[in-house]
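Raw contents of query_18.cif, mmCIF, C-alpha atoms:
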```cif
data_start
loop_
_atom_site.label_atom_id
_atom_site.label_comp_id
_atom_site.auth_asym_id
_atom_site.auth_seq_id
_atom_site.Cartn_x
_atom_site.Cartn_y
_atom_site.Cartn_z
CA MET A 1 6.94 24.22 1.16
CA SER A 2 6.23 27.83 0.31
CA ASN A 3 3.32 29.80 1.71
CA TYR A 4 1.49 29.35 -1.58
CA ASP A 5 1.93 25.58 -1.45
CA ILE A 6 0.61 25.51 2.12
CA TYR A 7 -2.38 27.60 1.07
CA VAL A 8 -3.13 25.31 -1.87
CA PHE A 9 -2.83 22.20 0.28
CA THR A 10 -5.15 23.64 2.96
CA LEU A 11 -7.69 24.66 0.34
CA CYS A 12 -7.65 21.19 -1.21
CA LEU A 13 -8.10 19.61 2.21
CA LEU A 14 -11.14 21.75 2.96
CA VAL A 15 -12.71 20.97 -0.41
CA PHE A 16 -12.02 17.28 0.12
CA VAL A 17 -13.76 17.32 3.51
CA MET A 18 -16.79 19.07 2.03
CA LEU A 19 -17.04 16.72 -0.95
CA THR A 20 -16.48 13.67 1.22
CA GLY A 21 -19.30 14.71 3.53
CA LEU A 22 -21.60 15.32 0.58
CA LEU A 23 -20.75 12.02 -1.10
CA GLY A 24 -21.04 10.16 2.18
CA THR A 25 -24.52 11.56 2.77
CA MET A 26 -25.62 10.62 -0.74
CA LEU A 27 -24.19 7.14 -0.27
CA VAL A 28 -26.12 6.61 2.97
CA VAL A 29 -29.37 7.76 1.33
CA LEU A 30 -28.85 5.42 -1.63
CA LEU A 31 -28.07 2.51 0.71
CA LYS A 32 -31.25 3.05 2.70
CA GLN A 33 -33.29 3.20 -0.50
CA GLY A 34 -31.67 -0.02 -1.72
CA PHE A 35 -32.41 -1.77 1.58
CA LYS A 36 -36.08 -0.75 1.35
CA LEU A 37 -36.41 -2.12 -2.18
CA ILE A 38 -34.74 -5.39 -1.21
CA ARG A 39 -36.83 -5.93 1.93
CA ALA A 40 -40.05 -5.08 0.07
CA GLY A 41 -39.34 -7.84 -2.46
CA LEU A 42 -39.21 -5.57 -5.50
CA GLU A 43 -35.74 -6.79 -6.45
CA ASP A 44 -36.21 -10.53 -5.90
CA GLU A 45 -35.83 -11.63 -9.52
CA ARG A 46 -32.75 -9.50 -10.10
CA ILE A 47 -31.21 -10.68 -6.84
CA LYS A 48 -31.75 -14.33 -7.82
CA LYS A 49 -30.00 -13.80 -11.16
CA GLU A 50 -27.11 -12.00 -9.45
CA TYR A 51 -26.77 -14.80 -6.91
CA ILE A 52 -26.64 -17.47 -9.61
CA LYS A 53 -24.10 -15.50 -11.64
CA GLU A 54 -22.04 -14.77 -8.55
CA ALA A 55 -22.00 -18.44 -7.59
CA GLU A 56 -20.70 -19.40 -11.05
CA THR A 57 -17.92 -16.79 -11.27
CA LYS A 58 -17.29 -15.92 -7.64
CA ARG A 59 -13.72 -17.17 -7.30
CA ALA A 60 -12.43 -15.78 -10.61
CA VAL A 61 -14.15 -12.42 -10.17
CA THR A 62 -12.88 -12.08 -6.61
CA ILE A 63 -9.28 -12.77 -7.62
CA ILE A 64 -9.39 -10.46 -10.66
CA SER A 65 -11.04 -7.68 -8.68
CA ALA A 66 -8.48 -7.93 -5.89
CA VAL A 67 -5.56 -7.93 -8.34
CA LEU A 68 -6.89 -4.94 -10.28
CA THR A 69 -7.54 -3.01 -7.08
CA VAL A 70 -4.02 -3.64 -5.82
CA ILE A 71 -2.48 -2.66 -9.17
CA MET A 72 -4.55 0.52 -9.33
CA LEU A 73 -3.62 1.54 -5.80
CA ILE A 74 0.07 0.85 -6.40
CA ALA A 75 0.01 2.87 -9.63
CA ILE A 76 -1.82 5.82 -8.08
CA PHE A 77 0.32 6.04 -4.97
CA SER A 78 3.52 5.50 -6.96
CA ALA A 79 2.58 8.33 -9.31
CA PHE A 80 1.72 10.57 -6.39
CA ALA A 81 5.00 9.72 -4.64
CA VAL A 82 7.00 10.44 -7.79
CA SER A 83 5.15 13.72 -8.36
CA MET A 84 5.92 14.80 -4.80
CA TYR A 85 9.53 13.79 -5.31
CA VAL A 86 9.70 15.78 -8.54
CA GLN A 87 8.24 18.83 -6.86
CA PHE A 88 10.24 18.85 -3.63
CA VAL A 89 13.49 17.04 -4.53
CA GLY A 90 15.40 20.26 -5.15
CA ASP A 91 17.07 21.91 -8.11
CA GLU A 92 20.73 20.92 -7.79
CA PRO A 93 21.63 17.26 -8.40
CA LYS A 94 24.46 15.85 -6.32
CA GLY A 95 26.63 12.75 -6.52
CA GLY A 96 25.81 11.87 -10.11
CA VAL A 97 22.14 11.16 -9.35
CA ALA A 98 19.73 12.59 -11.93
CA ILE A 99 16.72 14.63 -10.85
CA PRO A 100 13.43 14.52 -12.81
CA LYS A 101 11.82 17.80 -13.83
CA VAL A 102 8.68 18.64 -15.79
CA VAL A 103 9.03 21.01 -18.75
CA LEU A 104 6.42 23.78 -18.55
CA SER A 105 7.30 25.85 -21.62
CA ASP A 106 7.86 25.30 -25.34
CA SER A 107 11.01 27.35 -25.77
CA MET A 108 13.00 24.18 -26.54
CA SER A 109 10.27 22.29 -28.43
CA LYS A 110 11.49 22.81 -32.03
CA LYS A 111 14.27 24.18 -34.21
CA ARG A 112 13.76 27.72 -35.34
CA GLU A 113 14.95 28.33 -38.90
CA SER A 114 16.84 31.46 -37.92
CA ASN A 115 18.88 29.42 -35.46
CA ASP A 116 20.94 27.80 -38.22
CA TYR A 117 23.59 26.54 -35.79
CA LEU A 118 21.16 23.78 -34.78
CA GLU A 119 21.18 22.19 -38.22
CA LYS A 120 24.83 22.98 -38.81
CA HIS A 121 25.96 21.08 -35.67
CA GLY A 122 23.22 18.42 -35.74
CA LEU A 123 21.64 19.42 -32.45
CA ASP A 124 18.52 17.25 -32.17
CA ASP A 125 18.08 17.07 -28.40
CA GLN A 126 14.94 19.20 -28.20
CA PHE A 127 12.05 18.36 -25.84
CA GLN A 128 8.35 19.21 -25.68
CA THR A 129 6.12 20.83 -23.11
CA PHE A 130 5.22 18.40 -20.31
CA ASP A 131 8.09 16.07 -21.10
CA LEU A 132 9.77 14.59 -18.04
CA ILE A 133 13.48 15.37 -18.34
CA PHE A 134 16.39 14.31 -16.14
CA ILE A 135 19.00 16.86 -15.18
CA ARG A 136 22.41 16.05 -13.74
CA GLU A 137 25.10 17.67 -11.64
CA LEU A 138 26.60 20.78 -13.21
CA PRO A 139 30.25 20.44 -14.27
CA GLY A 140 32.89 23.04 -13.47
CA GLU A 141 32.62 26.53 -14.91
CA PHE A 142 35.43 26.08 -17.39
CA GLU A 143 34.22 22.59 -18.34
CA LEU A 144 31.02 23.92 -19.87
CA GLU A 145 31.06 24.01 -23.66
CA LEU A 146 29.22 25.77 -26.42
CA TYR A 147 25.72 24.37 -27.16
CA ASP A 148 25.36 22.66 -23.79
CA ILE A 149 21.84 22.83 -22.36
CA VAL A 150 21.81 24.09 -18.78
CA VAL A 151 19.25 24.95 -16.10
CA TYR A 152 19.61 28.31 -14.40
CA GLU A 153 17.57 30.38 -11.97
CA TYR A 154 16.16 33.78 -12.78
CA GLU A 155 13.70 35.66 -10.56
CA ASP A 156 12.90 32.50 -8.56
CA LYS A 157 12.14 30.56 -11.73
CA LEU A 158 14.05 27.75 -13.38
CA ILE A 159 14.85 28.21 -17.06
CA ILE A 160 16.41 25.61 -19.33
CA HIS A 161 18.13 26.94 -22.48
CA ARG A 162 21.11 26.28 -24.71
CA ILE A 163 24.46 28.02 -24.47
CA ILE A 164 25.04 29.77 -27.79
CA GLY A 165 27.89 32.07 -26.76
CA ILE A 166 30.64 32.20 -24.12
CA GLU A 167 32.53 35.34 -23.16
CA GLU A 168 35.78 34.43 -21.52
CA PRO A 169 37.19 36.47 -18.58
CA ASN A 170 38.40 39.91 -19.59
CA GLU A 171 38.90 43.35 -18.14
CA LYS A 172 35.18 43.76 -17.44
CA HIS A 173 34.86 40.40 -15.64
CA PRO A 174 38.33 39.04 -15.01
CA ASP A 175 37.28 36.23 -12.65
CA CYS A 176 34.35 34.61 -14.43
CA ARG A 177 32.83 33.69 -17.76
CA HIS A 178 29.61 35.13 -19.16
CA PHE A 179 27.23 32.77 -20.93
CA LEU A 180 24.74 33.72 -23.60
CA LEU A 181 21.68 31.44 -23.71
CA ARG A 182 18.70 31.02 -26.03
CA GLY A 183 15.84 28.57 -26.48
CA ASP A 184 15.91 26.54 -29.71
CA ALA A 185 12.42 27.79 -30.60
CA ALA A 186 13.11 31.39 -29.53
CA LYS A 187 13.98 34.22 -31.87
CA PHE A 188 16.09 36.20 -29.41
CA SER A 189 18.65 35.33 -26.77
CA ASP A 190 18.03 35.81 -23.06
CA GLU A 191 18.08 39.43 -21.94
CA PHE A 192 21.11 39.25 -19.68
CA PRO A 193 24.27 37.13 -19.71
CA VAL A 194 24.07 34.24 -17.26
CA LEU A 195 26.75 33.69 -14.63
CA TYR A 196 27.92 30.30 -13.51
CA GLU A 197 26.60 31.03 -10.02
CA GLN A 198 23.07 31.14 -11.43
CA MET A 199 23.31 27.70 -12.99
CA LYS A 200 21.86 24.63 -11.25
CA ALA A 201 22.25 21.60 -13.54
CA ILE A 202 22.93 20.35 -17.04
CA TYR A 203 20.64 18.39 -19.40
CA GLU A 204 22.24 15.52 -21.30
CA GLY A 205 19.31 14.25 -23.37
CA GLN A 206 17.44 11.84 -21.04
CA ARG A 207 13.67 12.37 -21.14
CA ILE A 208 10.29 10.61 -21.11
CA PRO A 209 7.85 12.21 -23.57
CA PHE A 210 4.60 13.71 -22.24
CA VAL A 211 4.70 11.86 -18.92
CA GLY A 212 5.26 15.14 -17.16
CA SER A 213 1.67 16.19 -17.90
CA PHE A 214 0.44 13.58 -15.44
CA PHE A 215 2.92 14.67 -12.78
CA ALA A 216 2.02 18.31 -13.35
CA PHE A 217 -1.63 17.45 -12.82
CA MET A 218 -0.84 15.48 -9.66
CA GLN A 219 1.03 18.51 -8.30
CA SER A 220 -1.96 20.79 -8.88
CA PRO A 221 -4.88 21.34 -6.46
CA ALA A 222 -7.14 19.32 -8.76
CA GLY A 223 -4.67 16.43 -8.59
CA TYR A 224 -4.59 16.47 -4.80
CA LEU A 225 -8.38 16.51 -4.69
CA CYS A 226 -8.75 13.65 -7.17
CA LEU A 227 -6.27 11.51 -5.27
CA LEU A 228 -8.12 11.99 -1.99
CA LEU A 229 -11.46 11.20 -3.62
CA ILE A 230 -10.01 8.04 -5.16
CA VAL A 231 -8.81 6.92 -1.74
CA PHE A 232 -12.27 7.60 -0.31
CA ALA A 233 -13.91 5.61 -3.12
CA VAL A 234 -11.53 2.66 -2.68
CA ILE A 235 -12.38 2.49 1.03
CA ALA A 236 -16.13 3.13 0.75
CA THR A 237 -16.95 0.90 -2.23
CA PRO A 238 -16.15 -2.53 -0.67
CA ILE A 239 -18.01 -1.60 2.52
CA THR A 240 -21.10 -0.56 0.53
CA GLU A 241 -21.05 -3.66 -1.63
CA LYS A 242 -20.71 -5.90 1.41
CA LYS A 243 -23.70 -4.30 3.15
CA LEU A 244 -25.89 -4.64 0.04
CA TRP A 245 -24.82 -8.24 -0.54
CA GLU A 246 -25.63 -9.18 3.06
CA ALA A 247 -29.10 -7.64 2.67
CA LYS A 248 -29.64 -9.58 -0.58
CA LEU A 249 -28.60 -12.89 1.03
CA ALA A 250 -30.94 -12.24 3.95
CA ARG A 251 -33.80 -11.65 1.50
CA LEU A 252 -33.01 -14.83 -0.43
CA ARG A 253 -33.06 -16.84 2.82
CA GLU A 254 -36.32 -15.22 3.80
CA ILE A 255 -38.08 -16.26 0.58
CA GLY A 256 -36.51 -19.74 0.72
CA PHE A 257 -34.40 -19.41 -2.43
CA ILE A 258 -31.28 -20.44 -0.51
CA PRO A 259 -31.09 -22.45 2.73
CA ALA A 260 -30.55 -20.80 6.05
CA GLU A 261 -27.10 -20.56 7.52
CA PRO A 262 -25.89 -24.11 8.29
CA GLU A 263 -25.51 -25.29 11.85
CA PRO A 264 -22.10 -26.36 13.12
CA THR A 265 -20.96 -29.65 11.59
CA GLU A 266 -19.99 -32.74 13.52
CA ALA A 267 -16.32 -31.96 13.02
CA GLU A 268 -16.79 -28.48 14.48
CA ALA A 269 -18.81 -29.92 17.36
CA THR A 270 -16.05 -32.48 17.96
CA GLU A 271 -13.47 -29.72 18.00
CA GLU A 272 -15.53 -27.76 20.52
CA THR A 273 -15.87 -30.88 22.69
CA ALA A 274 -12.13 -31.47 22.52
CA GLU A 275 -11.51 -27.87 23.54
CA ASN A 276 -13.89 -28.25 26.48
CA ASP A 277 -12.11 -31.47 27.52
CA GLU A 278 -8.79 -29.66 27.39
CA ASN A 279 -10.23 -26.90 29.55
CA ASP A 280 -11.52 -29.50 32.04
CA GLU A 281 -8.08 -31.13 32.16
CA GLU A 282 -6.53 -27.75 32.88
CA VAL A 283 -9.02 -27.21 35.70
CA ILE A 284 -8.20 -30.64 37.13
CA GLU A 285 -4.50 -29.88 36.98
CA VAL A 286 -5.06 -26.63 38.81
CA ALA A 287 -7.14 -28.44 41.44
CA SER A 288 -4.41 -31.06 41.92
CA ASP A 289 -1.94 -28.29 42.52
CA VAL A 290 -4.17 -26.93 45.29
CA GLU A 291 -4.59 -30.34 47.09
CA PRO A 292 -1.53 -30.03 49.39
CA GLU A 293 -3.11 -27.02 51.05
CA VAL A 294 -6.22 -29.11 51.97
CA THR A 295 -4.31 -32.08 53.52
CA GLU A 296 -3.69 -30.36 56.85
CA PRO A 297 -7.39 -29.94 57.76
CA VAL A 298 -7.96 -33.56 56.73
CA GLU A 299 -5.32 -34.75 59.22
CA ASP A 300 -6.99 -32.68 61.93
CA ALA A 301 -10.27 -34.37 61.11
CA SER A 302 -8.65 -37.81 61.46
CA ASP A 303 -7.38 -36.82 64.88
CA ALA A 304 -10.90 -35.92 65.90
CA GLU A 305 -12.34 -39.31 64.91
CA PRO A 306 -11.67 -41.08 68.33
CA GLU A 307 -13.80 -38.45 70.05
CA VAL A 308 -16.63 -39.24 67.73
CA THR A 309 -16.33 -43.00 68.49
CA GLU A 310 -16.47 -42.32 72.21
CA SER A 311 -19.65 -40.36 71.80
CA VAL A 312 -21.03 -43.23 69.81
CA GLU A 313 -20.18 -45.62 72.67
CA ASP A 314 -21.92 -43.25 75.08
CA ALA A 315 -24.93 -43.30 72.86
CA SER A 316 -24.98 -47.13 72.95
CA ASP A 317 -24.85 -47.05 76.75
CA ALA A 318 -27.75 -44.68 76.73
CA GLU A 319 -29.68 -47.06 74.59
CA THR A 320 -29.02 -49.82 77.13
CA GLU A 321 -30.35 -47.64 79.89
CA VAL A 322 -33.44 -46.85 77.86
CA THR A 323 -34.22 -50.57 77.40
CA GLU A 324 -34.61 -51.16 81.18
CA PRO A 325 -37.78 -49.05 81.49
CA ALA A 326 -39.13 -51.03 78.61
CA GLU A 327 -38.77 -54.28 80.66
CA ASP A 328 -40.59 -52.62 83.58
CA ALA A 329 -43.34 -51.67 81.23
CA SER A 330 -43.63 -55.30 80.12
CA GLU A 331 -43.84 -56.47 83.76
CA SER A 332 -46.61 -53.96 84.43
CA GLU A 333 -48.69 -55.29 81.58
CA PRO A 334 -50.22 -58.24 83.70
CA ASP A 335 -51.30 -55.74 86.34
CA ALA A 336 -52.96 -53.66 83.66
CA LYS A 337 -54.68 -56.75 82.38
CA GLU A 338 -55.87 -57.69 85.85
CA SER A 339 -57.21 -54.20 86.42
CA ALA A 340 -58.93 -54.38 83.07
CA GLU A 341 -60.53 -57.75 84.00
CA GLY A 342 -61.60 -56.30 87.32
CA SER A 343 -63.26 -53.40 85.60
CA ASN A 344 -65.01 -55.82 83.28
CA ASP A 345 -66.30 -57.81 86.29
CA ALA A 346 -67.54 -54.64 87.85
CA ASP A 347 -69.35 -53.74 84.70
CA THR A 348 -70.89 -57.18 84.62
CA ASP A 349 -72.12 -56.83 88.17
CA GLU A 350 -73.56 -53.44 87.41
CA SER A 351 -75.29 -54.79 84.34
CA GLU A 352 -76.81 -57.71 86.29
CA ASP A 353 -78.49 -55.49 88.91
CA PRO A 354 -81.17 -54.06 86.60
CA VAL A 355 -82.16 -57.56 85.49
CA ASP A 356 -82.68 -58.73 89.05
CA GLY A 357 -84.73 -55.63 89.73
CA GLN A 358 -86.97 -56.32 86.77
CA ARG A 359 -87.52 -59.89 87.95
CA GLN A 360 -88.48 -58.69 91.37
CA GLN A 361 -91.05 -56.32 89.84
CA ASN A 362 -92.52 -59.14 87.77
CA GLY A 363 -92.78 -61.35 90.91
CA ASP A 364 -94.62 -58.70 92.67
#
```

The structure given in the file should be rewritten as structure tokens.
Amino acid sequence: MSNYDIYVFTLCLLVFVMLTGLLGTMLVVLLKQGFKLIRAGLEDERIKKEYIKEAETKRAVTIISAVLTVIMLIAIFSAFAVSMYVQFVGDEPKGGVAIPKVVLSDSMSKKRESNDYLEKHGLDDQFQTFDLIFIRELPGEFELELYDIVVYEYEDKLIIHRIIGIEEPNEKHPDCRHFLLRGDAAKFSDEFPVLYEQMKAIYEGQRIPFVGSFFAFMQSPAGYLCLLLIVFAVIATPITEKKLWEAKLARLREIGFIPAEPEPTEAEATEETAENDENDEEVIEVASDVEPEVTEPVEDASDAEPEVTESVEDASDAETEVTEPAEDASESEPDAKESAEGSNDADTDESEDPVDGQRQQNGD
């Protein structure tokens, strides 16, 4: 790429960033405004009609939209790739492979009446401005013939004209031929004779009419900018439509026009249960793998069991010893009873004394 091409590309990139930022800001503002209208209920009737229409034609519209989007993207990127190839492929075909070039002048667009050799020899291979032509590898110097159309370079520009005169080697130029060229629509020949070293390729009549105008546009700064904006639109449009559609569905559920999102079905619940069972089985398998590590402490516990039984036997002996004081307590119960009876007799005696005293006072 030349310095000019780099400058143009940088300028287009800066403009693209600025326009993308501006369009993105406008898009966000419009989305917010749309969300407000939907949530306020001002678009309910329109949303209902859109939902009904979408439900009727959803599958067909989705398929058609996807197909058209893919075709458009393929066409755009193919055209851009071809335009880049045309611009940067080079000027000298090799190996019999043709190179496409865009015609940017009208010097070969028609037959000029003064150029009577065109009619005399039936030369009808003219081409128009913005035609896409295909040039091929240049033959040897002495293989070129009169009225061949060749591409040559002059002052860093490519020119395509017809050979109308050949000056063979002579005393002035003993080692090379001089070629006189002129455009079919031009009145005069080119200013200077053209040397073979200046020539790049030969044109043999293959062309696509007017297609080059599109490639020329794609190679311009405006073409770069349009392509980038198209890419931005292709990415942003589905995202915007999805956000708006989700807001519309939420509004329709809110007003009860469509049911709420369905709960998981029995089949889904069964699948979840099966997954949980599988997870439990995996956990059990992992636990079974860990069991051998636990067996050693279990064996130690079994060895300790006799000690526990002995302590139990000791506890039973202790219980036997505790029962003996209980028998002593039972033997002491008669004594307690006797002491209780004695205390009762004493109380009786004490209670009888006041009575006898009263009787004595009455006797007196």

*Pick out the closest residue to A:Leu252 from this set: A:Ile52, A:Leu68, A:Ala75, A:Ala216. Count all atoms listed in the file.*
A:Ile52

_Residues within 8 Å of (22.7, 27.6, -13.4), counting all atoms listed in the file, listed as a list of chain:residue names_ = A:Leu138, A:Val150, A:Val151, A:Tyr152, A:Glu153, A:Val194, A:Leu195, A:Tyr196, A:Glu197, A:Gln198, A:Met199, A:Lys200, A:Ala201

*Coordinates-based distance that separates atom CA of A:Thr69 from atom CA of A:Ala250 (Å, one decimal)*: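 Computed distance, atom CA of A:Ala250 to atom CA of A:Thr69, equals 27.5 Å.
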
*Tell me, in Å to one decimal, how far atom CA of A:Met218 is from atom CA of A:Thr10.*
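Between atom CA of A:Met218 and atom CA of A:Thr10 the gap works out to 15.6 Å.
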
*Mind checking which residues fall within 10 Å of A:Val231, counting only C-alpha atoms, ignoring those fewer than 4 positions away in the same chain, and posting them as an MDAnalysis selection string?*
chainID A and resid 73 76:77 226:227 235:236

_Could you check the closest approach to A:Val89 for each of A:Ile135, A:Ile74, A:Glu204, A:Asn115 and tell me which residue wins, using only C-alpha atoms?_
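Selected residue with least distance to A:Val89: A:Ile135.
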
_Close residues, A:Gln219 itself excluded, 9 Å, only C-alpha atoms, min 4 positions apart in chain, as a ChimeraX atom specification_ = /A:80,83-84,87,214-215,223-224

Can you pull out every residue within 10 Å of A:Glu137, counting only C-alpha atoms, but drop anything in the same chain fewer than 4 positions away, and send it as a CSV table (one decimal) with C-alpha atoms, in the frame of the given file?
```csv
chain,number,residue,atom,x,y,z
A,91,ASP,CA,17.1,21.9,-8.1
A,92,GLU,CA,20.7,20.9,-7.8
A,93,PRO,CA,21.6,17.3,-8.4
A,94,LYS,CA,24.5,15.8,-6.3
A,95,GLY,CA,26.6,12.8,-6.5
A,96,GLY,CA,25.8,11.9,-10.1
A,97,VAL,CA,22.1,11.2,-9.4
A,98,ALA,CA,19.7,12.6,-11.9
A,99,ILE,CA,16.7,14.6,-10.8
A,200,LYS,CA,21.9,24.6,-11.2
A,201,ALA,CA,22.2,21.6,-13.5
A,202,ILE,CA,22.9,20.4,-17.0
A,203,TYR,CA,20.6,18.4,-19.4
```

_Top pick for closest residue to A:Ile160, considering A:Leu144, A:Pro209, A:Val102, A:Lys172 and counting only C-alpha atoms_ = A:Val102

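In this comparison, which uses all atoms listed in the file, the residue of A:Asp184, A:Glu145, A:Asp124, A:Glu155 approaching A:Asp106 most closely is A:Asp184.
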
*Point-to-point distance from atom CA of A:Val86 to atom CA of A:Arg136, Å rounded to tenths*: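 About the pair atom CA of A:Val86 and atom CA of A:Arg136: they are 13.7 Å apart.
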
Which centre and edge lengths in Å to one decimal define the box along x, y and z that fits every listed atom of stretch 122-136 of chain A plus 3 Å per side, as AutoDock Vina command-line options?
```
--center_x 14.2 --center_y 17.6 --center_z -24.7 --size_x 24.0 --size_y 12.5 --size_z 28.0
```

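Minimum distance to A:Trp245 across A:Leu19, A:Ser109, A:Lys36, A:Glu50 (counting only C-alpha atoms) occurs at A:Glu50.
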
*Select, from A:Val8, A:Ile255, A:Glu167, A:Leu228, the residue with the minimum atom-to-atom distance to A:Ala40, counting all atoms listed in the file.*
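The answer is A:Ile255, which sits nearest to A:Ala40.
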
Could you tell me which residues the PyMOL selection byres ((chain A and resi 27-32) around 12) grabs in this file, written as a PDB file with C-alpha atoms, in the coordinates of the input?
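Result file selection27.pdb:
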```pdb
ATOM      1  CA  LEU A  19     -17.040  16.720  -0.950  1.00  0.00           C
ATOM      2  CA  THR A  20     -16.480  13.670   1.220  1.00  0.00           C
ATOM      3  CA  GLY A  21     -19.300  14.710   3.530  1.00  0.00           C
ATOM      4  CA  LEU A  22     -21.600  15.320   0.580  1.00  0.00           C
ATOM      5  CA  LEU A  23     -20.750  12.020  -1.100  1.00  0.00           C
ATOM      6  CA  GLY A  24     -21.040  10.160   2.180  1.00  0.00           C
ATOM      7  CA  THR A  25     -24.520  11.560   2.770  1.00  0.00           C
ATOM      8  CA  MET A  26     -25.620  10.620  -0.740  1.00  0.00           C
ATOM      9  CA  GLN A  33     -33.290   3.200  -0.500  1.00  0.00           C
ATOM     10  CA  GLY A  34     -31.670  -0.020  -1.720  1.00  0.00           C
ATOM     11  CA  PHE A  35     -32.410  -1.770   1.580  1.00  0.00           C
ATOM     12  CA  LYS A  36     -36.080  -0.750   1.350  1.00  0.00           C
ATOM     13  CA  LEU A  37     -36.410  -2.120  -2.180  1.00  0.00           C
ATOM     14  CA  ILE A  38     -34.740  -5.390  -1.210  1.00  0.00           C
ATOM     15  CA  ARG A  39     -36.830  -5.930   1.930  1.00  0.00           C
ATOM     16  CA  PHE A 232     -12.270   7.600  -0.310  1.00  0.00           C
ATOM     17  CA  ALA A 233     -13.910   5.610  -3.120  1.00  0.00           C
ATOM     18  CA  ALA A 236     -16.130   3.130   0.750  1.00  0.00           C
ATOM     19  CA  THR A 237     -16.950   0.900  -2.230  1.00  0.00           C
ATOM     20  CA  ILE A 239     -18.010  -1.600   2.520  1.00  0.00           C
ATOM     21  CA  THR A 240     -21.100  -0.560   0.530  1.00  0.00           C
ATOM     22  CA  GLU A 241     -21.050  -3.660  -1.630  1.00  0.00           C
ATOM     23  CA  LYS A 242     -20.710  -5.900   1.410  1.00  0.00           C
ATOM     24  CA  LYS A 243     -23.700  -4.300   3.150  1.00  0.00           C
ATOM     25  CA  LEU A 244     -25.890  -4.640   0.040  1.00  0.00           C
ATOM     26  CA  TRP A 245     -24.820  -8.240  -0.540  1.00  0.00           C
ATOM     27  CA  ALA A 247     -29.100  -7.640   2.670  1.00  0.00           C
TER      28      ALA A 247
END
```
